[in-house]
Amino acid sequence: MVHIVISKFGKINDSQVKFITGLMEECYGRLSPHNVTIVDLYVFEKSSAAEAFLSAERRELGVGTSPFHEGFFAMHDAWRGIPRIILCLDRMMKLPDLVMIGGVRHEVAHTVLHGSLEYYLFTFPESMLKLMNQFNLSEKVAADILYLISIAVKDYEVTRLLYEHGYVEDQAAYVKFLLKTEEEDLLSWRLAEGNPLLEALHVIGLLKSIGCAIALLSDRNLQGEIECYLKDSLSHLPKNISSMVLNIAKENFTNLKGDTFTNIERTIYACKQILNTLMDAKTKI
C-alpha cells in the first residue's frame with residue numbers, strides 16, 4: 001500500500017481529491033511490484049500558484065535548468081528525496097476525462113520508475129562534454145539539453161510501462177493531447193528560426209511528446225493514428241528537419257532498454273545528429 005500525503009493549495013474540492021487518489025491507488029496496485037511506499041501529492045487550485053511555488057523551490061534548491069515544465073497540468077519530481085506529483089486543477093478540469101486520467105497515471109508511473117533524487121541530479125556524461133566542445137555550448141545550454149533529453153527518455157519509459165500494463169485508451173488520449181501543436185509552439189519556432197542553437201533546443205524539446213507517442217507505435221490498432229499525430233506535431237518545421245527528427249527518434253526510442261541512464265546516454269548520441277544537421281549549414285556557436 002502506497003501512502004499518499006496530500007497537500008492542498010487554494011480551494012480544493014474533496015471529491016476531486018478522492019477521485020485522483022483513487023486513480024493513483026489503482027495504478028500503483030496494477031504496476032506492482034515496485035518500491036514506492038510514500039508519495040507527496042500537491043494539488044493546486046490555480047496553475048499560477050503552482051508555477052510560483054515551483055519557481056521558489058528551484059531557487060531554494062539551486063536547480064539550474066530552465067523551467068520547461070510551464071504549461072503542464074501534471075508534473076512530478078523527487079527534489080526533496082520523496083517522489084512528488086503536482087497537479088493544477090484549473091488546467092486539469094478543462095480536459096477530456098481520458099486525457100486527465102492518462103496524465104495522472106503518467107505521473108504515477110514516473111514515481112515508480114524515477115522516484116528518487118538520482119533521476120534529477122545529472123552530472124554531464126562524457127558524451128555531453130563532447131557535444132559541449134564540438135558545438136561550443138555553454139554549461140547552461142548543455143544542462144538544458146541534457147534535461148530535455150532526460151525528460152524525453154523518462155516519458156518514453158513511462159508510456160511503455162503503462163502500455164505494457166494494459167493502460168491503452170487513456171495513454172493514447174494523453175499522447176494525442178501532448179502532440180497537438182499549440183500557437184505557442186509555432187511562435188517558439190518562428191522566434192528560433194535562423195538561430196541554430198534555438199532551433200536545436202526547440203527540436204530537442206519536441207522529443208518529450210514524440211517519445212511518449214513512439215511507445216505506442218507497436219500497437220497495430222493505434223499505429224496509423226499515432227503516426228498521423230506525430231507528423232502533424234512536426235508540420236511546423238521544414239520538411240527535411242521534421243523527417244530527420246522523426247527518423248532519428250523512431251530509431252533511438254525503439255532501441256531503448258531498461259536502464260534510464262544508459263538510455264539517456266544513447267539519446268545524447270541521437271541528438272548529436274540533430275545538432276549536426278541544424279548547425280552544420282550555419283555558423284557554429
# chains A, B, ... in the order shown; residues from 1 in each chain; ligands from 1
>>> select_by_dssp(residues="region 31-110 of chain A", states="alpha helix (DSSP H)", output="PyMOL selection string")
chain A and resi 31+47-61+89-92+97-110
>>> select_by_dssp(residues="region 13-162 of chain A", states="strand (DSSP E)", output="PyMOL selection string")
chain A and resi 38-44+74-77+84-88
>>> write_last_selection(atoms="N, CA, C and O atoms", output="PDB file, in the first residue's frame")
ATOM      1  N   ILE A  38       5.754   5.762  -0.234  1.00  0.00           N
ATOM      2  CA  ILE A  38       5.167   7.049   0.119  1.00  0.00           C
ATOM      3  C   ILE A  38       5.331   8.003  -1.059  1.00  0.00           C
ATOM      4  O   ILE A  38       6.344   7.976  -1.765  1.00  0.00           O
ATOM      5  N   VAL A  39       4.329   8.824  -1.309  1.00  0.00           N
ATOM      6  CA  VAL A  39       4.395   9.815  -2.372  1.00  0.00           C
ATOM      7  C   VAL A  39       3.686  11.082  -1.901  1.00  0.00           C
ATOM      8  O   VAL A  39       2.649  11.016  -1.221  1.00  0.00           O
ATOM      9  N   ASP A  40       4.273  12.221  -2.193  1.00  0.00           N
ATOM     10  CA  ASP A  40       3.630  13.503  -1.906  1.00  0.00           C
ATOM     11  C   ASP A  40       2.735  13.883  -3.075  1.00  0.00           C
ATOM     12  O   ASP A  40       3.159  13.815  -4.242  1.00  0.00           O
ATOM     13  N   LEU A  41       1.517  14.296  -2.778  1.00  0.00           N
ATOM     14  CA  LEU A  41       0.588  14.789  -3.801  1.00  0.00           C
ATOM     15  C   LEU A  41       0.257  16.238  -3.467  1.00  0.00           C
ATOM     16  O   LEU A  41      -0.359  16.530  -2.444  1.00  0.00           O
ATOM     17  N   TYR A  42       0.696  17.158  -4.324  1.00  0.00           N
ATOM     18  CA  TYR A  42       0.411  18.580  -4.176  1.00  0.00           C
ATOM     19  C   TYR A  42      -0.683  18.942  -5.176  1.00  0.00           C
ATOM     20  O   TYR A  42      -0.492  18.814  -6.390  1.00  0.00           O
ATOM     21  N   VAL A  43      -1.808  19.403  -4.657  1.00  0.00           N
ATOM     22  CA  VAL A  43      -2.943  19.770  -5.509  1.00  0.00           C
ATOM     23  C   VAL A  43      -3.151  21.278  -5.426  1.00  0.00           C
ATOM     24  O   VAL A  43      -3.414  21.817  -4.344  1.00  0.00           O
ATOM     25  N   PHE A  44      -3.009  21.941  -6.569  1.00  0.00           N
ATOM     26  CA  PHE A  44      -3.150  23.396  -6.640  1.00  0.00           C
ATOM     27  C   PHE A  44      -4.465  23.764  -7.314  1.00  0.00           C
ATOM     28  O   PHE A  44      -4.821  23.186  -8.351  1.00  0.00           O
ATOM     29  N   ALA A  74       0.077  18.431 -15.086  1.00  0.00           N
ATOM     30  CA  ALA A  74       0.540  17.457 -14.101  1.00  0.00           C
ATOM     31  C   ALA A  74       2.056  17.341 -14.220  1.00  0.00           C
ATOM     32  O   ALA A  74       2.594  17.314 -15.321  1.00  0.00           O
ATOM     33  N   MET A  75       2.727  17.278 -13.083  1.00  0.00           N
ATOM     34  CA  MET A  75       4.193  17.224 -13.067  1.00  0.00           C
ATOM     35  C   MET A  75       4.655  16.272 -11.969  1.00  0.00           C
ATOM     36  O   MET A  75       3.874  15.874 -11.105  1.00  0.00           O
ATOM     37  N   HIS A  76       5.912  15.924 -12.022  1.00  0.00           N
ATOM     38  CA  HIS A  76       6.485  15.055 -10.987  1.00  0.00           C
ATOM     39  C   HIS A  76       7.917  15.493 -10.728  1.00  0.00           C
ATOM     40  O   HIS A  76       8.569  16.111 -11.580  1.00  0.00           O
ATOM     41  N   ASP A  77       8.403  15.179  -9.550  1.00  0.00           N
ATOM     42  CA  ASP A  77       9.819  15.366  -9.239  1.00  0.00           C
ATOM     43  C   ASP A  77      10.148  14.561  -7.983  1.00  0.00           C
ATOM     44  O   ASP A  77       9.279  13.909  -7.394  1.00  0.00           O
ATOM     45  N   ARG A  84       7.147  13.040  -5.817  1.00  0.00           N
ATOM     46  CA  ARG A  84       6.074  14.014  -5.648  1.00  0.00           C
ATOM     47  C   ARG A  84       5.337  14.213  -6.964  1.00  0.00           C
ATOM     48  O   ARG A  84       5.946  14.300  -8.026  1.00  0.00           O
ATOM     49  N   ILE A  85       4.027  14.285  -6.874  1.00  0.00           N
ATOM     50  CA  ILE A  85       3.169  14.587  -8.019  1.00  0.00           C
ATOM     51  C   ILE A  85       2.495  15.928  -7.755  1.00  0.00           C
ATOM     52  O   ILE A  85       1.977  16.176  -6.663  1.00  0.00           O
ATOM     53  N   ILE A  86       2.517  16.807  -8.754  1.00  0.00           N
ATOM     54  CA  ILE A  86       1.933  18.139  -8.644  1.00  0.00           C
ATOM     55  C   ILE A  86       0.856  18.279  -9.707  1.00  0.00           C
ATOM     56  O   ILE A  86       1.111  18.058 -10.904  1.00  0.00           O
ATOM     57  N   LEU A  87      -0.354  18.633  -9.277  1.00  0.00           N
ATOM     58  CA  LEU A  87      -1.480  18.750 -10.191  1.00  0.00           C
ATOM     59  C   LEU A  87      -2.075  20.156 -10.124  1.00  0.00           C
ATOM     60  O   LEU A  87      -2.190  20.735  -9.043  1.00  0.00           O
ATOM     61  N   CYS A  88      -2.440  20.683 -11.301  1.00  0.00           N
ATOM     62  CA  CYS A  88      -3.070  22.006 -11.398  1.00  0.00           C
ATOM     63  C   CYS A  88      -4.524  21.809 -11.833  1.00  0.00           C
ATOM     64  O   CYS A  88      -4.795  21.512 -13.007  1.00  0.00           O
TER      65      CYS A  88
END
>>> residues_around(residues="region 110-126 of chain A", least_positions_apart="6", cutoff="7 Å", atoms="only C-alpha atoms", output="PDB file with N, CA, C and O atoms, in the first residue's frame")
ATOM      1  N   HIS A  34       6.705  -2.752  -6.932  1.00  0.00           N
ATOM      2  CA  HIS A  34       7.571  -1.579  -7.085  1.00  0.00           C
ATOM      3  C   HIS A  34       8.038  -1.162  -5.694  1.00  0.00           C
ATOM      4  O   HIS A  34       7.627  -1.749  -4.686  1.00  0.00           O
ATOM      5  N   ASN A  35       8.887  -0.134  -5.663  1.00  0.00           N
ATOM      6  CA  ASN A  35       9.489   0.273  -4.391  1.00  0.00           C
ATOM      7  C   ASN A  35       8.860   1.519  -3.782  1.00  0.00           C
ATOM      8  O   ASN A  35       9.372   2.041  -2.782  1.00  0.00           O
ATOM      9  N   VAL A  36       7.770   2.004  -4.353  1.00  0.00           N
ATOM     10  CA  VAL A  36       7.150   3.224  -3.832  1.00  0.00           C
ATOM     11  C   VAL A  36       6.336   2.889  -2.577  1.00  0.00           C
ATOM     12  O   VAL A  36       5.416   2.064  -2.633  1.00  0.00           O
ATOM     13  N   ALA A  78      11.397  14.621  -7.583  1.00  0.00           N
ATOM     14  CA  ALA A  78      11.818  13.987  -6.324  1.00  0.00           C
ATOM     15  C   ALA A  78      12.936  14.843  -5.726  1.00  0.00           C
ATOM     16  O   ALA A  78      13.882  14.320  -5.144  1.00  0.00           O
ATOM     17  N   TRP A  79      12.807  16.166  -5.883  1.00  0.00           N
ATOM     18  CA  TRP A  79      13.883  17.067  -5.469  1.00  0.00           C
ATOM     19  C   TRP A  79      14.159  17.001  -3.977  1.00  0.00           C
ATOM     20  O   TRP A  79      15.265  17.308  -3.529  1.00  0.00           O
ATOM     21  N   GLY A  81      13.824  14.188  -2.207  1.00  0.00           N
ATOM     22  CA  GLY A  81      14.111  12.809  -1.844  1.00  0.00           C
ATOM     23  C   GLY A  81      12.908  11.893  -1.804  1.00  0.00           C
ATOM     24  O   GLY A  81      13.060  10.665  -1.698  1.00  0.00           O
ATOM     25  N   ILE A  82      11.709  12.454  -1.878  1.00  0.00           N
ATOM     26  CA  ILE A  82      10.471  11.673  -1.895  1.00  0.00           C
ATOM     27  C   ILE A  82       9.758  11.960  -3.214  1.00  0.00           C
ATOM     28  O   ILE A  82       9.665  13.123  -3.626  1.00  0.00           O
ATOM     29  N   PRO A  83       9.260  10.920  -3.893  1.00  0.00           N
ATOM     30  CA  PRO A  83       8.546  11.195  -5.147  1.00  0.00           C
ATOM     31  C   PRO A  83       7.339  12.098  -4.901  1.00  0.00           C
ATOM     32  O   PRO A  83       6.629  11.941  -3.904  1.00  0.00           O
ATOM     33  N   VAL A 158       7.977   5.683 -19.265  1.00  0.00           N
ATOM     34  CA  VAL A 158       6.709   5.689 -18.542  1.00  0.00           C
ATOM     35  C   VAL A 158       5.566   5.193 -19.425  1.00  0.00           C
ATOM     36  O   VAL A 158       4.761   4.342 -19.010  1.00  0.00           O
TER      37      VAL A 158
END
>>> closest_residue(among="A:Val175, A:Ile204, A:Ala142, A:Leu161", to="Ile241 (chain A)", atoms="only C-alpha atoms")
A:Ile204
>>> closest_atom_pairs(of="region 114-167 of chain A", to="region 262-266 of chain A", cutoff="9 Å", atoms="only C-alpha atoms", output="JSON lines")
{"residue": "A:Pro125", "atom": "CA", "partner": "A:Glu265", "partner_atom": "CA", "distance": 7.4}
{"residue": "A:Glu126", "atom": "CA", "partner": "A:Glu265", "partner_atom": "CA", "distance": 8.9}
{"residue": "A:Ser127", "atom": "CA", "partner": "A:Glu265", "partner_atom": "CA", "distance": 7.0}
{"residue": "A:Met128", "atom": "CA", "partner": "A:Glu265", "partner_atom": "CA", "distance": 8.4}
{"residue": "A:Leu146", "atom": "CA", "partner": "A:Ile264", "partner_atom": "CA", "distance": 8.3}
{"residue": "A:Ile149", "atom": "CA", "partner": "A:Ile264", "partner_atom": "CA", "distance": 6.6}
{"residue": "A:Ser150", "atom": "CA", "partner": "A:Ile264", "partner_atom": "CA", "distance": 5.8}
{"residue": "A:Ala152", "atom": "CA", "partner": "A:Ile264", "partner_atom": "CA", "distance": 8.7}
{"residue": "A:Val153", "atom": "CA", "partner": "A:Ile264", "partner_atom": "CA", "distance": 6.2}
{"residue": "A:Lys154", "atom": "CA", "partner": "A:Ile264", "partner_atom": "CA", "distance": 8.6}
>>> closest_residue(among="A:Ala249, A:Ser47, A:Ala172, A:Gly258", to="Asn221 (chain A)", atoms="only C-alpha atoms")
A:Ala172
>>> residues_around(residues="Leu179 (chain A)", least_positions_apart="5", cutoff="12 Å", atoms="only C-alpha atoms", output="list in words")
Ala172, Ala173, Tyr174, Asp185, Leu206, Leu207, Lys208, Ser209, Ile210, Gly211, Cys212, Ala213, Ile214, Glu225, Ile226, Glu227, Cys228, Tyr229, Leu230, Lys231, Asp232, Ser233, Leu234 and Ser235 of chain A
>>> closest_residue(among="A:Ala270, A:Thr277, A:Val104, A:Lys130", to="Glu199 (chain A)", atoms="only C-alpha atoms")
A:Thr277
>>> closest_residue(among="A:Ala56, A:Ile12, A:Met93, A:Val63", to="Lys140 (chain A)", atoms="only C-alpha atoms")
A:Val63
